[in-house]
file run_26.txt (compact mmCIF, C-alpha atoms and all ligand atoms)
# COMPACT_ATOMS: atom_id res chain seq x y z
CA MET G 1 147.37 117.29 70.44
CA SER G 2 145.67 119.83 72.73
CA GLN G 3 145.34 119.06 76.43
CA SER G 4 141.59 118.61 76.16
CA ARG G 5 142.15 116.01 73.43
CA SER G 6 144.73 113.96 75.27
CA VAL G 7 144.02 114.13 79.01
CA TYR G 8 140.27 113.80 79.43
CA GLU G 9 138.89 110.37 78.67
CA HIS G 10 135.48 108.71 78.57
CA ARG G 11 134.47 105.14 79.29
CA PRO G 12 131.69 103.92 76.96
CA VAL G 13 128.49 102.86 78.71
CA LEU G 14 126.61 99.61 77.93
CA LEU G 15 129.14 98.89 75.18
CA SER G 16 128.57 95.16 74.76
CA GLU G 17 124.77 95.65 74.82
CA VAL G 18 125.06 98.31 72.09
CA LEU G 19 127.30 96.13 69.92
CA ARG G 20 125.05 93.11 70.36
CA ALA G 21 122.01 95.15 69.29
CA LEU G 22 123.61 96.92 66.32
CA HIS G 23 126.03 94.34 64.94
CA PRO G 24 123.38 92.25 63.12
CA CYS G 25 122.68 95.22 60.82
CA ALA G 26 126.14 94.80 59.23
CA GLU G 27 126.22 91.00 59.53
CA ARG G 28 123.10 90.41 57.48
CA ARG G 29 123.83 92.86 54.67
CA GLU G 30 125.42 91.58 51.50
CA SER G 31 126.66 94.99 50.35
CA ALA G 32 128.54 97.62 52.37
CA SER G 33 126.78 98.99 55.40
CA LEU G 34 126.70 102.48 56.85
CA TYR G 35 126.83 103.02 60.61
CA VAL G 36 126.50 106.35 62.39
CA ASP G 37 127.69 107.21 65.89
CA ALA G 38 125.93 110.56 66.39
CA THR G 39 127.72 111.27 69.70
CA TYR G 40 131.43 110.53 69.19
CA GLY G 41 132.69 111.91 72.56
CA ARG G 42 136.03 110.14 72.87
CA GLY G 43 135.13 107.35 70.46
CA GLY G 44 134.59 104.48 72.91
CA HIS G 45 131.45 103.23 71.16
CA ALA G 46 132.81 104.24 67.74
CA ARG G 47 135.88 102.01 68.18
CA GLY G 48 133.67 99.12 69.27
CA LEU G 49 131.33 99.59 66.30
CA LEU G 50 134.21 99.83 63.83
CA SER G 51 135.66 96.58 65.16
CA LYS G 52 132.47 94.83 64.00
CA LEU G 53 132.44 96.33 60.49
CA GLY G 54 133.88 94.85 57.30
CA PRO G 55 136.52 96.41 55.04
CA LEU G 56 133.93 98.05 52.75
CA ASP G 57 131.62 99.30 55.49
CA ARG G 58 131.70 102.91 56.68
CA LEU G 59 131.28 104.59 60.04
CA VAL G 60 130.22 108.22 60.22
CA VAL G 61 130.93 109.93 63.55
CA ILE G 62 129.22 113.16 64.57
CA ASP G 63 129.71 115.55 67.49
CA ARG G 64 129.02 119.22 68.12
CA ASP G 65 132.05 119.63 70.40
CA PRO G 66 135.24 120.91 68.70
CA ASP G 67 137.49 118.91 71.09
CA ALA G 68 135.59 115.69 70.32
CA ILE G 69 135.84 116.44 66.60
CA ALA G 70 139.59 117.08 66.83
CA HIS G 71 139.97 113.76 68.67
CA ALA G 72 137.89 112.01 65.98
CA HIS G 73 140.00 113.51 63.17
CA ASP G 74 143.18 112.20 64.81
CA TRP G 75 141.63 108.73 64.90
CA ALA G 76 140.18 108.92 61.37
CA GLN G 77 143.64 109.61 59.94
CA GLU G 78 144.45 105.97 60.68
CA GLU G 79 140.98 104.66 59.76
CA PRO G 80 139.91 105.21 56.16
CA ARG G 81 136.47 103.69 56.90
CA VAL G 82 135.67 106.59 59.28
CA LEU G 83 134.15 109.91 58.22
CA VAL G 84 133.96 112.75 60.76
CA LEU G 85 131.13 115.30 60.65
CA LYS G 86 130.85 118.28 62.98
CA GLY G 87 127.31 119.34 63.80
CA CYS G 88 124.21 118.72 65.85
CA PHE G 89 122.58 115.32 65.64
CA GLY G 90 119.17 116.99 65.47
CA ASP G 91 120.26 117.95 61.96
CA ILE G 92 121.29 114.39 61.05
CA ARG G 93 119.30 114.47 57.84
CA GLY G 94 121.07 117.65 56.62
CA LEU G 95 124.50 116.39 57.71
CA MET G 96 124.06 113.10 55.87
CA ARG G 97 122.63 114.79 52.78
CA ALA G 98 125.52 117.29 52.65
CA ALA G 99 128.00 114.38 52.85
CA GLY G 100 126.09 112.53 50.10
CA LEU G 101 125.42 109.57 52.41
CA GLY G 102 122.43 107.44 53.36
CA PRO G 103 120.35 105.49 54.16
CA ILE G 104 121.78 104.30 57.48
CA ASP G 105 121.98 100.70 58.73
CA ALA G 106 122.61 101.50 62.39
CA LEU G 107 122.48 104.70 64.42
CA LEU G 108 123.73 105.25 67.98
CA VAL G 109 122.83 108.26 70.12
CA ASP G 110 124.55 108.30 73.54
CA LEU G 111 123.04 111.35 75.23
CA GLY G 112 124.43 113.94 77.61
CA VAL G 113 128.00 115.07 78.16
CA SER G 114 131.16 112.97 78.10
CA SER G 115 133.53 112.55 81.03
CA ALA G 116 136.03 114.45 78.90
CA GLN G 117 133.69 117.46 78.96
CA LEU G 118 132.73 117.09 82.63
CA ASP G 119 136.29 116.67 83.85
CA ASP G 120 137.69 119.64 81.95
CA PRO G 121 137.27 122.64 84.32
CA THR G 122 137.57 125.13 81.46
CA ARG G 123 134.26 123.90 79.99
CA GLY G 124 132.24 124.91 83.06
CA PHE G 125 130.03 121.79 83.18
CA SER G 126 130.92 120.58 86.65
CA PHE G 127 130.36 121.92 90.14
CA ARG G 128 133.39 119.93 91.32
CA PHE G 129 135.80 122.48 89.84
CA ARG G 130 136.18 126.21 89.54
CA GLY G 131 135.38 127.00 85.93
CA PRO G 132 133.72 129.65 83.78
CA LEU G 133 129.94 129.77 83.49
CA ASP G 134 130.02 128.35 79.97
CA MET G 135 128.36 124.89 79.58
CA ARG G 136 128.23 124.97 75.78
CA MET G 137 128.96 121.61 74.16
CA ASP G 138 130.01 123.55 71.08
CA ASN G 139 132.20 126.12 72.82
CA ALA G 140 132.95 127.85 69.53
CA SER G 141 129.40 129.12 69.03
CA GLY G 142 126.16 129.96 70.80
CA GLU G 143 125.44 131.67 74.09
CA THR G 144 127.36 130.86 77.29
CA LEU G 145 125.57 130.36 80.59
CA ALA G 146 127.12 133.62 81.87
CA SER G 147 125.71 135.62 79.03
CA TRP G 148 122.27 134.00 79.28
CA LEU G 149 122.15 134.70 83.04
CA GLU G 150 122.90 138.35 82.34
CA ARG G 151 119.74 138.74 80.28
CA ALA G 152 117.43 136.08 81.80
CA ASP G 153 114.54 137.17 84.02
CA GLN G 154 113.45 135.29 87.13
CA GLN G 155 110.45 133.78 85.39
CA ALA G 156 112.56 132.26 82.60
CA LEU G 157 115.29 130.97 84.93
CA SER G 158 112.78 129.50 87.34
CA GLN G 159 110.96 127.78 84.46
CA VAL G 160 114.23 126.15 83.32
CA LEU G 161 114.83 124.81 86.85
CA VAL G 162 111.29 123.42 87.04
CA GLU G 163 111.22 121.96 83.55
CA TYR G 164 114.70 120.44 83.24
CA GLY G 165 115.77 120.11 86.89
CA GLU G 166 112.32 118.92 88.04
CA LEU G 167 112.45 121.28 91.05
CA ASP G 168 109.21 122.31 92.72
CA ARG G 169 108.03 125.81 91.73
CA SER G 170 108.63 127.44 95.08
CA SER G 171 112.26 126.23 95.38
CA ALA G 172 112.95 127.11 91.76
CA TRP G 173 111.62 130.61 92.35
CA LYS G 174 113.81 131.16 95.44
CA ILE G 175 116.93 129.73 93.80
CA SER G 176 116.51 131.80 90.66
CA GLN G 177 115.97 134.94 92.76
CA ALA G 178 119.24 134.28 94.63
CA MET G 179 121.09 133.56 91.40
CA LEU G 180 120.00 136.76 89.71
CA ALA G 181 120.64 138.93 92.78
CA ALA G 182 124.23 137.71 93.24
CA SER G 183 127.07 138.38 90.87
CA ILE G 184 128.39 134.89 90.16
CA ALA G 185 131.58 134.47 88.15
CA SER G 186 132.33 130.74 88.32
CA THR G 187 130.79 127.28 88.63
CA GLU G 188 132.21 127.06 92.14
CA GLU G 189 130.49 130.29 93.22
CA LEU G 190 127.25 129.15 91.64
CA ALA G 191 127.39 125.82 93.48
CA SER G 192 128.16 127.45 96.85
CA LEU G 193 125.33 129.94 96.42
CA VAL G 194 122.59 127.44 95.48
CA ARG G 195 123.66 124.38 97.52
CA PRO G 196 122.01 125.39 100.85
CA LEU G 197 118.81 126.47 99.08
CA ALA G 198 118.68 123.31 96.96
CA ALA G 199 119.42 121.07 99.96
CA ARG G 200 116.24 122.29 101.66
CA SER G 201 114.07 121.15 98.76
CA GLN G 202 115.85 117.89 98.02
CA ARG G 203 113.65 114.79 98.25
CA ARG G 204 114.64 112.21 100.86
CA SER G 205 115.18 109.57 98.16
CA GLN G 206 117.85 111.76 96.57
CA THR G 207 120.00 112.72 99.55
CA ARG G 208 122.98 110.77 98.24
CA ARG G 209 123.55 113.16 95.36
CA ASP G 210 124.87 116.70 95.68
CA PRO G 211 121.78 118.98 95.80
CA VAL G 212 123.22 121.21 93.07
CA THR G 213 123.14 118.31 90.55
CA PRO G 214 119.65 119.02 89.14
CA ILE G 215 120.43 122.74 88.90
CA PHE G 216 123.58 122.22 86.85
CA GLN G 217 121.76 119.63 84.76
CA ALA G 218 118.87 122.00 84.07
CA LEU G 219 121.14 124.89 83.06
CA ARG G 220 123.20 122.64 80.77
CA MET G 221 120.09 121.22 79.13
CA HIS G 222 118.77 124.72 78.50
CA ILE G 223 122.04 126.13 77.13
CA ASN G 224 122.40 123.21 74.69
CA ARG G 225 118.67 122.81 73.87
CA GLU G 226 119.12 119.15 74.66
CA LEU G 227 115.48 118.02 74.61
CA ASP G 228 114.82 119.82 71.30
CA GLU G 229 117.85 118.05 69.84
CA LEU G 230 116.62 114.71 71.17
CA GLY G 231 113.13 115.23 69.70
CA SER G 232 114.66 116.06 66.32
CA VAL G 233 117.02 113.08 66.19
CA LEU G 234 114.29 110.67 67.26
CA ASP G 235 112.23 111.76 64.25
CA ALA G 236 114.92 112.51 61.65
CA GLY G 237 117.21 109.64 62.73
CA PHE G 238 114.42 107.14 62.23
CA GLU G 239 113.60 108.60 58.80
CA VAL G 240 117.18 108.20 57.54
CA LEU G 241 117.33 104.52 58.57
CA ARG G 242 117.00 101.94 55.83
CA GLU G 243 114.44 99.11 56.07
CA ARG G 244 115.55 96.89 59.01
CA GLY G 245 118.01 99.58 60.13
CA ARG G 246 118.32 100.03 63.88
CA MET G 247 118.42 103.06 66.17
CA ALA G 248 119.90 102.78 69.68
CA VAL G 249 119.53 105.53 72.27
CA ILE G 250 121.22 105.71 75.68
CA ALA G 251 119.53 108.17 78.06
CA PHE G 252 120.81 109.28 81.46
CA HIS G 253 117.83 110.86 83.12
CA SER G 254 114.11 110.39 83.29
CA LEU G 255 113.13 113.33 81.08
CA GLU G 256 115.19 112.00 78.18
CA ASP G 257 114.25 108.38 78.71
CA ARG G 258 110.54 109.25 78.90
CA MET G 259 110.81 110.91 75.49
CA VAL G 260 112.68 107.97 73.97
CA LYS G 261 110.25 105.44 75.42
CA GLN G 262 107.20 107.38 74.19
CA ARG G 263 108.53 107.92 70.66
CA PHE G 264 109.64 104.31 70.33
CA ARG G 265 106.26 103.12 71.59
CA ASN G 266 104.53 105.24 68.95
CA LEU G 267 106.87 103.87 66.25
CA ILE G 268 106.08 100.33 67.33
CA SER G 269 102.34 100.61 67.85
CA GLY G 270 101.21 103.80 66.07
CA ASP G 271 100.48 107.12 67.80
CA PRO G 272 97.81 106.56 70.49
CA ARG G 273 96.60 110.18 70.07
CA LEU G 274 95.59 109.36 66.50
CA ALA G 275 94.17 105.91 67.23
CA LYS G 276 90.59 107.12 67.68
CA LEU G 277 90.56 109.27 64.52
CA PRO G 278 89.02 107.87 61.33
CA MET G 279 92.30 107.72 59.41
CA THR G 280 94.55 105.16 57.86
CA GLY G 281 98.35 105.00 58.09
CA ASN G 282 98.70 105.24 61.88
CA VAL G 283 100.31 101.84 62.20
CA GLY G 284 103.53 100.46 63.64
CA ARG G 285 106.69 101.18 61.65
CA ALA G 286 109.21 99.54 63.96
CA VAL G 287 109.79 96.56 66.20
CA SER G 288 111.52 96.60 69.54
CA VAL G 289 115.03 95.09 69.67
CA VAL G 290 115.96 96.13 73.21
CA ARG G 291 112.97 97.30 75.25
CA LEU G 292 115.21 98.43 78.13
CA ALA G 293 118.77 97.55 79.13
CA LYS G 294 120.58 98.94 82.18
CA PRO G 295 124.22 98.56 83.25
CA SER G 296 125.11 95.57 85.39
CA THR G 297 126.28 96.08 88.97
CA ASP G 298 129.81 95.26 87.79
CA GLU G 299 129.68 98.00 85.17
CA VAL G 300 128.36 100.54 87.70
CA ALA G 301 131.08 99.55 90.17
CA ALA G 302 133.73 100.08 87.50
CA ASN G 303 132.12 103.24 86.12
CA PRO G 304 129.73 104.98 88.54
CA ARG G 305 128.73 107.48 85.81
CA ALA G 306 126.94 104.61 84.07
CA ARG G 307 124.50 104.13 86.95
CA SER G 308 121.49 105.92 85.48
CA ALA G 309 121.97 104.80 81.84
CA LYS G 310 119.04 103.27 79.96
CA LEU G 311 119.39 101.77 76.50
CA ARG G 312 116.48 101.26 74.09
CA VAL G 313 116.76 100.00 70.51
CA VAL G 314 114.21 99.77 67.69
CA GLU G 315 114.36 98.32 64.19
CA LYS G 316 112.62 100.03 61.28
CA ARG G 317 110.03 98.13 59.29
CA CYS G 318 108.85 99.95 56.19
CA GLU G 319 106.07 97.42 55.70
CA ALA G 320 103.30 98.26 58.16
CA HIS G 321 103.02 95.58 60.80
CA SER G 322 100.60 94.96 63.61
CA SER G 323 102.30 95.06 67.00
C1 LIG U 1 127.96 110.75 76.47
S1 LIG U 1 129.03 111.50 75.34
C2 LIG U 1 129.35 110.23 74.17
C3 LIG U 1 130.48 109.33 74.53
C4 LIG U 1 130.85 108.32 73.46
N1 LIG U 1 129.76 107.41 73.18
C5 LIG U 1 132.11 107.56 73.83
O1 LIG U 1 132.04 106.34 74.04
O2 LIG U 1 133.17 108.17 73.93
C6 LIG U 1 127.99 112.55 74.43
C7 LIG U 1 128.67 113.30 73.31
O3 LIG U 1 127.64 113.76 72.45
C8 LIG U 1 127.87 115.09 72.10
N2 LIG U 1 126.56 115.70 71.88
C9 LIG U 1 125.59 115.91 72.79
N3 LIG U 1 124.52 116.47 72.21
C10 LIG U 1 124.82 116.58 70.89
C11 LIG U 1 124.09 117.05 69.77
N4 LIG U 1 122.86 117.55 69.89
N5 LIG U 1 124.68 116.99 68.56
C12 LIG U 1 125.94 116.46 68.42
N6 LIG U 1 126.68 116.03 69.45
C13 LIG U 1 126.12 116.07 70.68
C14 LIG U 1 128.60 115.70 73.26
O4 LIG U 1 129.38 116.80 72.81
C15 LIG U 1 129.44 114.53 73.74
O5 LIG U 1 130.71 114.55 73.14

call {"tool": "encode", "arguments": {"input": "run_26.txt", "output": "structure tokens", "more": "lines below"}}
Ligand SMILES: C[S@@+](CC[C@H](N)C(=O)[O-])C[C@H]1O[C@@H](n2cnc3c(N)ncnc32)[C@H](O)[C@@H]1O
result
Amino acid sequence: MSQSRSVYEHRPVLLSEVLRALHPCAERRESASLYVDATYGRGGHARGLLSKLGPLDRLVVIDRDPDAIAHAHDWAQEEPRVLVLKGCFGDIRGLMRAAGLGPIDALLVDLGVSSAQLDDPTRGFSFRFRGPLDMRMDNASGETLASWLERADQQALSQVLVEYGELDRSSAWKISQAMLAASIASTEELASLVRPLAARSQRRSQTRRDPVTPIFQALRMHINRELDELGSVLDAGFEVLRERGRMAVIAFHSLEDRMVKQRFRNLISGDPRLAKLPMTGNVGRAVSVVRLAKPSTDEVAANPRARSAKLRVVEKRCEAHSS
């Protein structure tokens, strides 16, 4: 087993809430059910889900990260009910079609990076270590942060910091200017360069976090096209659910959670932008199972990385219903 497979672990967030919300999908089915964990990580949720499934049920686990996939394959060797698929969850429809599987009874999407990724310095996700400017979840393909910074102009970099880091325009402009003027070779150098600039623009309410946090978050979200992926899985994931199938999403920051909340609201009540148009068919196609769940204080004390997690769960209803 490679070091990245064995050493770096991840503690699943909101595990009992996820199992409580998704377990009924298997319980109430008379034939075999199909569960999908679209973000395997280190398999914390996957193990929990599998423990609730019967001998004929199946669990598909997906991840784009080769280390996560290697970890999943090791586990699946002992678990014939588990199928491992490498790919992006935004392409869930294609992945399931290629495997000849569907429709899905329950789908889990636990967003962001795992502790295994964050704590591995060679992946370049964290400002706590000296690592390469990489930040790719799939480190076998795509463009690294270093290579994007080599070709990015100040306008593009600044826009990323505004859009995904929620920095004000003036700070984003200054920080991107400093980043492009310096020759930065590691995460540590990047953090040291931008920390004093970012500290000046940090809001008072956020002084407890390291000021470089939103900058690293923004760059990671850009490199991995995280919001595009989320938009795709919210649409395609819901389409591949069977009637009364459930989709659970755990988000870790406001941009993601806003998207999830909005899409789920539209699924439950119909799209408000279409409400005034003279058309039929814009009706609710889902009911809410968990409107919003957050980790308890005990969970946050045991796992501080859970602190910003927000879980929302919907159930698909093919028959139109009025909300
Ligand atoms: C928060 S971790 C999941 C942890 C997991 N639930 C556990 O308990 O171990 C998120 C995982 O999703 C993967 N991931 C993020 N975005 C992805 C995407 N668009 N497609 C596939 N996997 C993705 C990451 O590589 C990471 O392993």

call {"tool": "residues_around", "arguments": {"input": "run_26.txt", "residues": "G:Arg136", "least_positions_apart": "5", "cutoff": "7 Å", "atoms": "all atoms listed in the file", "output": "PyMOL selection string"}}
result
chain G and resi 144+223-224

call {"tool": "write_last_selection", "arguments": {"input": "run_26.txt", "atoms": "C-alpha atoms", "output": "PDB file, in the frame of the given file"}}
result
ATOM      1  CA  THR G 144     127.360 130.860  77.290  1.00  0.00           C
ATOM      2  CA  ILE G 223     122.040 126.130  77.130  1.00  0.00           C
ATOM      3  CA  ASN G 224     122.400 123.210  74.690  1.00  0.00           C
TER       4      ASN G 224
END

call {"tool": "closest_residue", "arguments": {"input": "run_26.txt", "among": "G:Ala182, G:Leu255, G:Ala72, G:Met247", "to": "ligand LIG 1 (chain U)", "atoms": "only C-alpha atoms and all ligand atoms"}}
result
G:Ala72

call {"tool": "residues_near_ligand", "arguments": {"input": "run_26.txt", "ligand": "ligand LIG 1 (chain U)", "cutoff": "9 Å", "atoms": "only C-alpha atoms and all ligand atoms", "output": "PyMOL selection string"}}
result
chain G and resi 9-13+15+37-48+62-69+86-92+108-117+136-138+224-230+233+250-252

call {"tool": "atom_distance", "arguments": {"input": "run_26.txt", "atom1": "atom CA of G:Asp57", "atom2": "atom CA of G:Arg28"}}
result
12.5 Å

call {"tool": "residues_around", "arguments": {"input": "run_26.txt", "residues": "G:Cys318", "least_positions_apart": "3", "cutoff": "9 Å", "atoms": "all atoms listed in the file", "output": "PDB file with C-alpha atoms, keeping the file's coordinate frame"}}
result
ATOM      1  CA  ARG G 242     117.000 101.940  55.830  1.00  0.00           C
ATOM      2  CA  GLU G 243     114.440  99.110  56.070  1.00  0.00           C
ATOM      3  CA  ARG G 244     115.550  96.890  59.010  1.00  0.00           C
ATOM      4  CA  ARG G 285     106.690 101.180  61.650  1.00  0.00           C
ATOM      5  CA  ALA G 286     109.210  99.540  63.960  1.00  0.00           C
ATOM      6  CA  HIS G 321     103.020  95.580  60.800  1.00  0.00           C
TER       7      HIS G 321
END

call {"tool": "residues_near_point", "arguments": {"input": "run_26.txt", "point": "(112.3, 98.4, 62.4)", "cutoff": "6 Å", "atoms": "all atoms listed in the file", "output": "count of residues only"}}
result
7

call {"tool": "closest_residue", "arguments": {"input": "run_26.txt", "among": "G:Pro304, G:Val84, G:Leu19, G:Arg58", "to": "G:His71", "atoms": "only C-alpha atoms"}}
result
G:Val84

call {"tool": "atom_distance", "arguments": {"input": "run_26.txt", "atom1": "atom CA of G:Leu161", "atom2": "atom CA of G:Pro132"}}
result
19.7 Å

call {"tool": "residues_around", "arguments": {"input": "run_26.txt", "residues": "G:His23", "least_positions_apart": "2", "cutoff": "9 Å", "atoms": "all atoms listed in the file", "output": "list in words"}}
result
Val18, Leu19, Arg20, Ala21, Cys25, Ala26, Glu27, Arg28, Leu49, Lys52, Leu53 and Ala106 of chain G

call {"tool": "atom_distance", "arguments": {"input": "run_26.txt", "atom1": "atom CA of G:Pro121", "atom2": "atom CA of G:Arg305"}}
result
17.5 Å

call {"tool": "residues_near_point", "arguments": {"input": "run_26.txt", "point": "(141.6, 104.3, 56.2)", "cutoff": "12 Å", "atoms": "all atoms listed in the file", "output": "number ranges by chain"}}
result
G: 50, 55-59, 73-83

call {"tool": "residues_around", "arguments": {"input": "run_26.txt", "residues": "stretch 167-169 of chain G", "least_positions_apart": "2", "cutoff": "12 Å", "atoms": "all atoms listed in the file", "output": "ChimeraX atom specification"}}
result
/G:154-155,157-165,171-176,197-203,211-218

call {"tool": "closest_residue", "arguments": {"input": "run_26.txt", "among": "G:Leu133, G:Ala32, G:Val313, G:Leu234", "to": "G:Ile184", "atoms": "only C-alpha atoms"}}
result
G:Leu133

call {"tool": "residues_around", "arguments": {"input": "run_26.txt", "residues": "G:Phe127", "least_positions_apart": "5", "cutoff": "6 Å", "atoms": "only C-alpha atoms", "output": "list in words"}}
result
Thr187, Glu188 and Ala191 of chain G

call {"tool": "axis_aligned_box", "arguments": {"input": "run_26.txt", "around": "stretch 218-223 of chain G", "padding_each_side": "4 Å", "output": "lines of an AutoDock Vina configuration file"}}
result
center_x = 121.0
center_y = 123.7
center_z = 80.6
size_x = 12.4
size_y = 12.9
size_z = 14.9

call {"tool": "closest_residue", "arguments": {"input": "run_26.txt", "among": "G:Lys294, G:Arg307, G:Lys261, G:Arg209", "to": "G:Ser16", "atoms": "all atoms listed in the file"}}
result
G:Lys294

call {"tool": "closest_residue", "arguments": {"input": "run_26.txt", "among": "G:Met96, G:Asp120, G:Pro295, G:Ser33", "to": "G:Glu239", "atoms": "all atoms listed in the file"}}
result
G:Met96

call {"tool": "closest_residue", "arguments": {"input": "run_26.txt", "among": "G:Leu107, G:Leu149, G:Ile268, G:Ala98", "to": "G:Arg246", "atoms": "all atoms listed in the file"}}
result
G:Leu107

call {"tool": "build_atoms", "arguments": {"input": "run_26.txt", "residues": "stretch 23-37 of chain G", "atoms": "N, CA and C atoms", "output": "PDB file, in the coordinates of the input"}}
result
ATOM      1  N   HIS G  23     125.176  95.115  65.831  1.00  0.00           N
ATOM      2  CA  HIS G  23     126.030  94.340  64.940  1.00  0.00           C
ATOM      3  C   HIS G  23     125.267  93.582  63.854  1.00  0.00           C
ATOM      4  N   PRO G  24     124.091  93.003  64.165  1.00  0.00           N
ATOM      5  CA  PRO G  24     123.380  92.250  63.120  1.00  0.00           C
ATOM      6  C   PRO G  24     123.078  93.070  61.873  1.00  0.00           C
ATOM      7  N   CYS G  25     122.995  94.387  61.991  1.00  0.00           N
ATOM      8  CA  CYS G  25     122.680  95.220  60.820  1.00  0.00           C
ATOM      9  C   CYS G  25     123.775  95.040  59.770  1.00  0.00           C
ATOM     10  N   ALA G  26     125.039  94.965  60.185  1.00  0.00           N
ATOM     11  CA  ALA G  26     126.140  94.800  59.230  1.00  0.00           C
ATOM     12  C   ALA G  26     126.252  93.331  58.825  1.00  0.00           C
ATOM     13  N   GLU G  27     126.050  92.435  59.784  1.00  0.00           N
ATOM     14  CA  GLU G  27     126.220  91.000  59.530  1.00  0.00           C
ATOM     15  C   GLU G  27     125.314  90.497  58.416  1.00  0.00           C
ATOM     16  N   ARG G  28     124.059  90.995  58.417  1.00  0.00           N
ATOM     17  CA  ARG G  28     123.100  90.410  57.480  1.00  0.00           C
ATOM     18  C   ARG G  28     123.064  91.116  56.130  1.00  0.00           C
ATOM     19  N   ARG G  29     123.836  92.181  55.965  1.00  0.00           N
ATOM     20  CA  ARG G  29     123.830  92.860  54.670  1.00  0.00           C
ATOM     21  C   ARG G  29     124.863  92.276  53.730  1.00  0.00           C
ATOM     22  N   GLU G  30     124.457  92.139  52.462  1.00  0.00           N
ATOM     23  CA  GLU G  30     125.420  91.580  51.500  1.00  0.00           C
ATOM     24  C   GLU G  30     126.337  92.670  50.960  1.00  0.00           C
ATOM     25  N   SER G  31     125.796  93.897  50.827  1.00  0.00           N
ATOM     26  CA  SER G  31     126.660  94.990  50.350  1.00  0.00           C
ATOM     27  C   SER G  31     127.163  95.801  51.565  1.00  0.00           C
ATOM     28  N   ALA G  32     127.931  96.838  51.284  1.00  0.00           N
ATOM     29  CA  ALA G  32     128.540  97.620  52.370  1.00  0.00           C
ATOM     30  C   ALA G  32     127.484  98.273  53.248  1.00  0.00           C
ATOM     31  N   SER G  33     127.749  98.324  54.526  1.00  0.00           N
ATOM     32  CA  SER G  33     126.780  98.990  55.400  1.00  0.00           C
ATOM     33  C   SER G  33     127.324 100.312  55.934  1.00  0.00           C
ATOM     34  N   LEU G  34     126.378 101.138  56.373  1.00  0.00           N
ATOM     35  CA  LEU G  34     126.700 102.480  56.850  1.00  0.00           C
ATOM     36  C   LEU G  34     126.210 102.615  58.291  1.00  0.00           C
ATOM     37  N   TYR G  35     127.162 102.829  59.191  1.00  0.00           N
ATOM     38  CA  TYR G  35     126.830 103.020  60.610  1.00  0.00           C
ATOM     39  C   TYR G  35     127.078 104.489  60.968  1.00  0.00           C
ATOM     40  N   VAL G  36     126.284 104.981  61.922  1.00  0.00           N
ATOM     41  CA  VAL G  36     126.500 106.350  62.390  1.00  0.00           C
ATOM     42  C   VAL G  36     126.540 106.369  63.920  1.00  0.00           C
ATOM     43  N   ASP G  37     127.630 106.912  64.466  1.00  0.00           N
ATOM     44  CA  ASP G  37     127.690 107.210  65.890  1.00  0.00           C
ATOM     45  C   ASP G  37     127.489 108.721  65.993  1.00  0.00           C
TER      46      ASP G  37
END
